[in-house]
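Working notes for the structure below.
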2 protein chains.
Amino acid sequence: MTSRILQNYVSGGWYTAPSGLSPVVSALDGTEVAQIGSGGLDFGAMAAYARTTGGPALRALTFHERAKILRGLADAIIARKEELYTLSAHTGATRTDSWIDIEGGAATLFTYASKGRRELPNARILVDGPVEGLSKRGSFVGQHVYTSLQGVAVHINAFNFPVWGMLEKLGPTLLAGVPAIVKPASASAYVTEQCVRIMLETGLLPKGALQLITGSTGDLLDHLTGQDVVSFTGSAATAQKLQNHPVIARESVRFVAERDSLNATLLGPDATPETPEFDLFVKEIVREMTVKAGQKCTAIRRAFVPSELIDAVQEALCARLAKVVVGDPAQEGVTMGALISTAQLRDVRETIAQLAEDARIVFGDPNTPPPGTNANGAFISPVLLRCDAPWTAKNVHEREAFGAVSTLMPYTDLNDAIALCQRGAGSLVMSLFTHDPEVAVTVVEGAASFHGRVLINDRDCAKESTGHGSPLPALVHGGPGRAGGGEEMGGIRGVKHYMQRTALQGSPGTLSAITNRWMNGAPVVEAGVHPFRRTFAELALGESFTSGQRVITLDDIEHFAHFTGDTFYAHMDEAAAAANPFFPGRVAHGYLILSFAAGLFVDPAPGPVLANYGLENLRFIKPVSPGDAIKVRLTAKAKNQRNAEYGEVTWDALVTNQDGDTVATYDLLTMNAL
Amino acid sequence: MTSRILQNYVSGGWYTAPSGLSPVVSALDGTEVAQIGSGGLDFGAMAAYARTTGGPALRALTFHERAKILRGLADAIIARKEELYTLSAHTGATRTDSWIDIEGGAATLFTYASKGRRELPNARILVDGPVEGLSKRGSFVGQHVYTSLQGVAVHINAFNFPVWGMLEKLGPTLLAGVPAIVKPASASAYVTEQCVRIMLETGLLPKGALQLITGSTGDLLDHLTGQDVVSFTGSAATAQKLQNHPVIARESVRFVAERDSLNATLLGPDATPETPEFDLFVKEIVREMTVKAGQKCTAIRRAFVPSELIDAVQEALCARLAKVVVGDPAQEGVTMGALISTAQLRDVRETIAQLAEDARIVFGDPNTPPPGTNANGAFISPVLLRCDAPWTAKNVHEREAFGAVSTLMPYTDLNDAIALCQRGAGSLVMSLFTHDPEVAVTVVEGAASFHGRVLINDRDCAKESTGHGSPLPALVHGGPGRAGGGEEMGGIRGVKHYMQRTALQGSPGTLSAITNRWMNGAPVVEAGVHPFRRTFAELALGESFTSGQRVITLDDIEHFAHFTGDTFYAHMDEAAAAANPFFPGRVAHGYLILSFAAGLFVDPAPGPVLANYGLENLRFIKPVSPGDAIKVRLTAKAKNQRNAEYGEVTWDALVTNQDGDTVATYDLLTMNAL
């Protein structure tokens, strides 16, 4: 392809650096595909533009409105995906590798769009946890909320997933209402730049929500504040350098790091060559070595097997690796592409040499280009090492060859295996192949705190398993220790990394007004009309209805018992009921109380309330004895518009008896017409 | 009091440093009260002892067992509190100041004991969020869990709350199953050392769960790993130094900082001198200036008032401050004690001089000891400054005099006030005095992301308000930016800072075994006996009961309607029901389905199931039309032992129709005999 100068997207316009450009070359043949640079940019002004223009525009939108933008961006990427596939080929990726990056990236945006709609309210503030009672009489309460940070998120991404790597950060960030400045890795920045163009050309993004720096980030970090976030994916060395930038500690800038780690996989002691788990294990290692030519932060670097099986595993691995065809993915039959660059190739070869101090190569020659590959490309054979003394070894637990490289090691028993896994000092993911739940329990209890994700694969889930190396938008991605200590995605968890949690304290009335959730003690509005007669739009939080009383007789209880078949002794047998520690004698059924309560509050004729679609948090607090009288108070507690026709209303339901004691509490959920 | 050498509690024994001791003096008269030192300690061995001895012992306990230990520790502190009050007097604290520290500290442990029992399971693993479906057929699912970090928590505390400051960190840490090494600030370490003795002498703490360093922490940080946590409270300068320690970034050591910040308070534009909020505002500022002689990380440093009210506020403040009596708290009538030391006094005086570059002193003379105070003590008058040009001022927004010092400033309108608050660049807490909910909404939307806590005080909650300066165990304590970016407490949230969140992936059966929660798709056990006949101890997760079918007739629906009074048209009027977008025509009541389901699964005779005390997550998925037949499947999903007699059982309830379609799902909660 013709080389072109990549642009930066800055303060609302495309900008080409006038000088100081660096070349970016194709992984396949070393020819120049682009030039990059960010000389002349005012990085402080970029950050300020994001904060003053992008932030307010995003914060003015609700979570649902932001989710809609994400969906539009994902649609555009899918519609124009072939533009990205074409560019991606120059990174050495196979079509499958690019699919993970491009369509996997769009899928991540789709997931955030969907989770934003389903799991977040159509609002700007996110309530966290229940109301906390802070006083005896209830006039002073607490409520945690999340609000959008008023800063900018700086995303510094790795070369291996130029699309997905950007989008897995951008989805949660934009959903949180925070603008981003994206800095892709140089080696594949031409793919990212095109994806940014596709997103900007939708016209969906508010001004200032997204900026792009294709060259160096200059003095950008010097301009950061405690409202900003730096999210980094890449090497441990760069992560440390960034984290130790003096501004990070001085301003308490949030720093989220995702570092390449020495992810391990473990063959359970139950998984002998006769079991399906043995084959699954072998296939997974080969898959992790070859996808993206092993350039994945989640790839398997260390494989632990029962010592008596190491020869069998090695044999099976070598047999499978022998079928791998390395080359230009455009050629028929090629199953593994190139590393990103010849610089990366050198680095991988050097690290393999270090690993070989602890281990011996049992498959592949790292220093001979695979047959038929372009000598100017960055091709390498998959390389399997074997280390028979993992406790005296050092490099295999500390050095990562970021390519198609794994090391096979023996363990003596499960505790030995767990301890060996821990020598990686923290990783993004470990996997375990076992069909024995006890093995799974032991490994998770012993090792989970060292990993951000633990995959337990077996014959029951293998067909549908997404695999060791795949971060999923619904699950956290990140890990402790060597993996950087950060967390991304995990569904809505990842959104909260770009928001500030604040404990609000005050009167229930004030906190209700702020959170848009009525709470106990807040003003109750008797609107003079049954609130079920109010449309979603008309209904105000705090609008309330208090029913008349209804006495529950012994006849009612007996009748209900025989009608429903619920003849539990607590309702039917005075002596037996009185012997139950929770009941004074025969009591009304909980479901009878619920049913009578509905009879007391329902408004029969058609109106805005279309359906009662569920209940939450139902607790029966005090038993109802024959002769007791109940009444119910319903108060509009929360509203959440779903679409142009309907909205959900949550009603606080309080059932009390003739003494004013609480009998039952619950949240009633209705679907209301707008 | 007689000076003594404070000891270190190290690897299971008390240790006195042989040399290199430093004196600690009384705040009241400058006489030596203790000597401290940690010379000769092997800090790496301390960390290892915590990890290898304390960690496993704590992790072997359930959350409930750890909670019980916390309760015992709190009981012991209360029983021996006078020992602590006696020592605390030398820190310059009044009885009220010491009460906040000592009894407030014990109360924090009690809260964690209680929350541990009520809000955490009687288990070692904490499940986080729902099961995540990751596959079409449901054979591969995800579940986030928290497990205890396998490292040590290093707590580096501030001088101002030698008891509370230790306990607010220790409660969540021990509840998380993580051992701690506590390093109190030198100036008040004698109070902390005694409190540690009291706790150790209960014999409740497992070996290695708690160690104490009274002197310097030497090279302790050099020995930390990614499983460890450093929790720091104190100055920004020390926090930055610790955070930039190379091991923190290299090993991704968790670092939680709580830095002193320039907390602001704001008088709402509605709060004129005639309103209660005006008086509340004045009282709160004086209280925050004088409690602990203003040595609180949460104290009010900047007070913003409508410009037209600044004279009135100043006058009211000065009148109240004139009534403050500074001196030895042992003397009758004294209302404010001393600063911690003469070094602190010098520091406060220097900072006041810096503030005076922007502002003028309108109350108090910082350089003249208050009348009648000991010249060798660390006494200072409260000092109020006034800065009329807050936008050109710099020091008032950046420098903190950590003593009885506040600065009063005017604002023009609410946006100006919010922007001025933000000039503090992040704080632990801000407060707002308003009785106008719109003012509260505007301030929270504009300012919340800069603060860890926002208190909105008004006439409705003032009587029960715990005040601007009081962190509460149920609410997060910490804040962004200048406040350090950390979070502590917040109920169970604070426990999670000492645990690792991990995404588990696998088959439902495997994940059920690990989490001790049955999930959809996991093996179902038909035990051959109704599971309601099984005691809590006998019942295995996955034990299931599938009922017979019951046809719901139109007669049933009509009968239920008239019996309960729930004659909603969707049940009674075919034409009206069919016009409803969610119903095909007349349908059964949701409560009728629930009631019949209970009739189908209930086992009438007395047995281990004592009561159905509630429901969660009820959703009506598909309407039931007359003539449809329903059945219900109950499966034991989770068990949680409450005490020696009872345990809670959560049952997965699935109601289906004759076509196998899901009609309703819910979690049924029962209390079972052990």
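By order in the structure tokens, chains are A, B, ...; within a chain, residues start at 1; ligands start at 1, following the order shown.
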
Next on the checklist: Applying 10 Å and only C-alpha atoms, which residues near range 457-465 of chain A remain after dropping the ones on its own chain fewer than 6 positions away? List them as a count of residues only.
Outcome noted: 31

Next on the checklist: So that I can check the secondary structure, give me every residue of range 85-180 of chain B assigned helix (DSSP H, G or I) by backbone DSSP, as an MDAnalysis selection string.
Outcome noted: chainID B and resid 85:91 95:119 164:175

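Distance annotation: of B:Leu455, B:Ala185, B:Met166, B:Leu384, the residue with the minimal separation from chain A is B:Leu455; atom set is only C-alpha atoms.
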
Checklist entry - For chain B against chain A, which residues fall within 6 Å using only C-alpha atoms, given as number ranges by chain? => result B: 135, 139-140, 147, 149, 226, 240, 244, 249, 251-252, 437, 441, 449, 452-457, 461, 464-465, 475, 480-481, 484-485, 500, 502-507, 510, 514, 564-569, 591, 595-596, 598-599, 604-605, 613-620

Neighbouring residues of Gly377 in chain A were defined as those with any atom within 10 Å, considering only C-alpha atoms; residues of the same chain fewer than 4 positions away were excluded. Please report them as a short mmCIF file (atom, residue, chain, number, x, y, z; two decimals) with C-alpha atoms, in the first residue's frame.
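Written output follows (result-v2.cif):
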data_model
loop_
_atom_site.label_atom_id
_atom_site.label_comp_id
_atom_site.auth_asym_id
_atom_site.auth_seq_id
_atom_site.Cartn_x
_atom_site.Cartn_y
_atom_site.Cartn_z
CA VAL A 25 6.61 -0.49 8.12
CA SER A 26 4.63 -3.54 7.07
CA ALA A 27 5.15 -6.70 9.10
CA LEU A 28 5.00 -8.71 5.89
CA ASP A 29 7.80 -7.18 3.85
CA GLY A 30 9.30 -4.25 5.71
CA THR A 31 8.04 -1.63 3.25
CA GLY A 92 0.93 -9.54 10.00
CA GLY A 327 3.59 -17.03 6.26
CA ASP A 328 1.78 -14.16 4.61
CA ALA A 338 3.98 -12.43 11.28
CA LEU A 339 5.11 -10.55 14.35
CA ILE A 340 4.40 -6.86 14.18
CA SER A 341 7.94 -5.82 13.18
CA THR A 342 11.49 -6.96 12.78
CA LEU A 345 11.31 -10.28 16.10
CA PRO A 369 12.87 -17.81 9.13
CA THR A 373 8.60 -16.32 4.17
#

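Reported to one decimal place, the separation of CA of Ile418 in chain B from CA of Thr351 in chain B is 24.9 Å.
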
Checklist entry - Quick one, how far is CA of His530 in chain B from CA of Ser544 in chain B? => result 7.8 Å

Item to check | Contacts of Glu357 in chain A within 10 Å, only C-alpha atoms, excl. fewer than 2 positions in-chain, as an MDAnalysis selection string | outcome: chainID A and resid 352:355 359:360 387 393:396

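The gap separating CA of Ala187 in chain A from CA of Ala50 in chain A is 25.8 Å, in Å to one decimal.
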
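Taking the backbone of this structure through DSSP, the residues of range 221-321 of chain B that come out as strand (DSSP E or B) are Val229, Val230, Ser231, Phe232, Thr233, Gly234, Arg254, Phe255, Val256, Ala257, Glu258, Arg259, Ala264, Thr265, Leu266, Leu267, Arg302, Ala303, Phe304, Val305 and Pro306 of chain B.
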
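Within 10 Å of Tyr112 in chain B, once only C-alpha atoms are used and residues closer than 3 positions along the same chain are dropped, the contacting residues are B:Arg66, B:Ala67, B:Lys68, B:Leu70, B:Arg71, B:Ala106, B:Ala107, B:Thr108, B:Leu109, B:Lys115, B:Gly116, B:Arg117, B:Arg118, B:Glu119, B:Glu168, B:Leu170, B:Gly171, B:Pro172, B:Leu174, B:Leu175, B:Pro473, B:Ala474, B:Met489, B:Gly491, B:Ile492, B:Gly494, B:Val495.
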
Write the selection just made, keeping N, CA and C atoms, as a PDB file, in the first residue's frame?
ATOM      1  N   ARG B  66     -14.378 -14.112  61.385  1.00  0.00           N
ATOM      2  CA  ARG B  66     -13.515 -12.918  61.517  1.00  0.00           C
ATOM      3  C   ARG B  66     -14.295 -11.776  62.158  1.00  0.00           C
ATOM      4  N   ALA B  67     -15.568 -11.666  61.808  1.00  0.00           N
ATOM      5  CA  ALA B  67     -16.400 -10.609  62.395  1.00  0.00           C
ATOM      6  C   ALA B  67     -16.495 -10.775  63.909  1.00  0.00           C
ATOM      7  N   LYS B  68     -16.561 -12.013  64.335  1.00  0.00           N
ATOM      8  CA  LYS B  68     -16.653 -12.287  65.772  1.00  0.00           C
ATOM      9  C   LYS B  68     -15.384 -11.818  66.488  1.00  0.00           C
ATOM     10  N   LEU B  70     -13.526  -9.310  65.551  1.00  0.00           N
ATOM     11  CA  LEU B  70     -13.599  -7.843  65.616  1.00  0.00           C
ATOM     12  C   LEU B  70     -14.464  -7.397  66.793  1.00  0.00           C
ATOM     13  N   ARG B  71     -15.569  -8.106  66.991  1.00  0.00           N
ATOM     14  CA  ARG B  71     -16.450  -7.755  68.110  1.00  0.00           C
ATOM     15  C   ARG B  71     -15.718  -7.924  69.437  1.00  0.00           C
ATOM     16  N   ALA B 106     -13.600   1.987  68.501  1.00  0.00           N
ATOM     17  CA  ALA B 106     -14.268   0.737  68.873  1.00  0.00           C
ATOM     18  C   ALA B 106     -15.594   0.595  68.124  1.00  0.00           C
ATOM     19  N   ALA B 107     -16.309   1.717  67.979  1.00  0.00           N
ATOM     20  CA  ALA B 107     -17.595   1.677  67.255  1.00  0.00           C
ATOM     21  C   ALA B 107     -17.392   1.248  65.802  1.00  0.00           C
ATOM     22  N   THR B 108     -16.278   1.658  65.237  1.00  0.00           N
ATOM     23  CA  THR B 108     -15.985   1.258  63.857  1.00  0.00           C
ATOM     24  C   THR B 108     -15.778  -0.250  63.773  1.00  0.00           C
ATOM     25  N   LEU B 109     -15.067  -0.799  64.747  1.00  0.00           N
ATOM     26  CA  LEU B 109     -14.912  -2.268  64.780  1.00  0.00           C
ATOM     27  C   LEU B 109     -16.259  -2.952  64.972  1.00  0.00           C
ATOM     28  N   LYS B 115     -21.609  -5.604  60.213  1.00  0.00           N
ATOM     29  CA  LYS B 115     -21.772  -5.695  58.749  1.00  0.00           C
ATOM     30  C   LYS B 115     -21.218  -7.025  58.238  1.00  0.00           C
ATOM     31  N   GLY B 116     -20.144  -7.477  58.852  1.00  0.00           N
ATOM     32  CA  GLY B 116     -19.586  -8.764  58.449  1.00  0.00           C
ATOM     33  C   GLY B 116     -20.589  -9.896  58.639  1.00  0.00           C
ATOM     34  N   ARG B 117     -21.334  -9.819  59.728  1.00  0.00           N
ATOM     35  CA  ARG B 117     -22.343 -10.847  60.004  1.00  0.00           C
ATOM     36  C   ARG B 117     -23.552 -10.709  59.100  1.00  0.00           C
ATOM     37  N   ARG B 118     -23.986  -9.466  58.906  1.00  0.00           N
ATOM     38  CA  ARG B 118     -25.246  -9.260  58.193  1.00  0.00           C
ATOM     39  C   ARG B 118     -25.093  -9.197  56.676  1.00  0.00           C
ATOM     40  N   GLU B 119     -24.000  -8.617  56.233  1.00  0.00           N
ATOM     41  CA  GLU B 119     -23.894  -8.342  54.794  1.00  0.00           C
ATOM     42  C   GLU B 119     -22.942  -9.280  54.063  1.00  0.00           C
ATOM     43  N   GLU B 168      -9.922   1.880  61.890  1.00  0.00           N
ATOM     44  CA  GLU B 168     -10.735   2.021  60.661  1.00  0.00           C
ATOM     45  C   GLU B 168     -10.061   1.312  59.495  1.00  0.00           C
ATOM     46  N   LEU B 170      -7.903  -1.465  60.248  1.00  0.00           N
ATOM     47  CA  LEU B 170      -7.755  -2.848  60.701  1.00  0.00           C
ATOM     48  C   LEU B 170      -9.053  -3.643  60.559  1.00  0.00           C
ATOM     49  N   GLY B 171     -10.175  -2.998  60.829  1.00  0.00           N
ATOM     50  CA  GLY B 171     -11.462  -3.702  60.732  1.00  0.00           C
ATOM     51  C   GLY B 171     -11.659  -4.319  59.345  1.00  0.00           C
ATOM     52  N   PRO B 172     -11.644  -3.483  58.297  1.00  0.00           N
ATOM     53  CA  PRO B 172     -11.826  -4.042  56.950  1.00  0.00           C
ATOM     54  C   PRO B 172     -10.732  -5.035  56.560  1.00  0.00           C
ATOM     55  N   LEU B 174      -8.811  -7.126  58.499  1.00  0.00           N
ATOM     56  CA  LEU B 174      -8.971  -8.434  59.134  1.00  0.00           C
ATOM     57  C   LEU B 174     -10.222  -9.140  58.611  1.00  0.00           C
ATOM     58  N   LEU B 175     -11.286  -8.371  58.394  1.00  0.00           N
ATOM     59  CA  LEU B 175     -12.505  -8.980  57.862  1.00  0.00           C
ATOM     60  C   LEU B 175     -12.239  -9.574  56.477  1.00  0.00           C
ATOM     61  N   PRO B 473     -18.217   4.614  59.364  1.00  0.00           N
ATOM     62  CA  PRO B 473     -17.825   3.317  58.799  1.00  0.00           C
ATOM     63  C   PRO B 473     -18.700   2.863  57.635  1.00  0.00           C
ATOM     64  N   ALA B 474     -19.955   3.320  57.607  1.00  0.00           N
ATOM     65  CA  ALA B 474     -20.841   2.883  56.524  1.00  0.00           C
ATOM     66  C   ALA B 474     -20.582   3.645  55.228  1.00  0.00           C
ATOM     67  N   MET B 489     -13.109   2.281  54.276  1.00  0.00           N
ATOM     68  CA  MET B 489     -14.431   2.037  54.880  1.00  0.00           C
ATOM     69  C   MET B 489     -15.524   1.944  53.819  1.00  0.00           C
ATOM     70  N   GLY B 491     -18.389   0.688  54.517  1.00  0.00           N
ATOM     71  CA  GLY B 491     -18.964  -0.625  54.775  1.00  0.00           C
ATOM     72  C   GLY B 491     -18.122  -1.688  54.092  1.00  0.00           C
ATOM     73  N   ILE B 492     -18.794  -2.628  53.442  1.00  0.00           N
ATOM     74  CA  ILE B 492     -18.100  -3.770  52.844  1.00  0.00           C
ATOM     75  C   ILE B 492     -17.216  -3.333  51.673  1.00  0.00           C
ATOM     76  N   GLY B 494     -14.919  -1.255  51.728  1.00  0.00           N
ATOM     77  CA  GLY B 494     -13.554  -1.157  52.248  1.00  0.00           C
ATOM     78  C   GLY B 494     -12.899  -2.515  52.428  1.00  0.00           C
ATOM     79  N   VAL B 495     -13.701  -3.527  52.653  1.00  0.00           N
ATOM     80  CA  VAL B 495     -13.173  -4.889  52.786  1.00  0.00           C
ATOM     81  C   VAL B 495     -12.584  -5.339  51.442  1.00  0.00           C
TER      82      VAL B 495
END

Next on the checklist: What's around range 103-105 of chain A at 6 Å? Count only C-alpha atoms, leave out sequence neighbours fewer than 5 positions away in its own chain, and write the answer as a ChimeraX atom specification.
Outcome noted: /A:163-164,167

May I have the residues from that selection written out with N, CA, C and O atoms, as a compact mmCIF listing (two decimals), in the first residue's frame?
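Saved as selection.txt:
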# COMPACT_ATOMS: atom_id res chain seq x y z
N VAL A 163 -7.64 -1.93 17.01
CA VAL A 163 -9.06 -1.54 17.06
C VAL A 163 -9.66 -1.92 18.41
O VAL A 163 -10.12 -1.07 19.17
N TRP A 164 -9.64 -3.21 18.72
CA TRP A 164 -10.23 -3.67 19.98
C TRP A 164 -9.60 -2.94 21.18
O TRP A 164 -10.31 -2.52 22.10
N LEU A 167 -11.20 0.30 21.55
CA LEU A 167 -12.64 0.30 21.84
C LEU A 167 -12.98 -0.28 23.21
O LEU A 167 -13.95 0.14 23.83
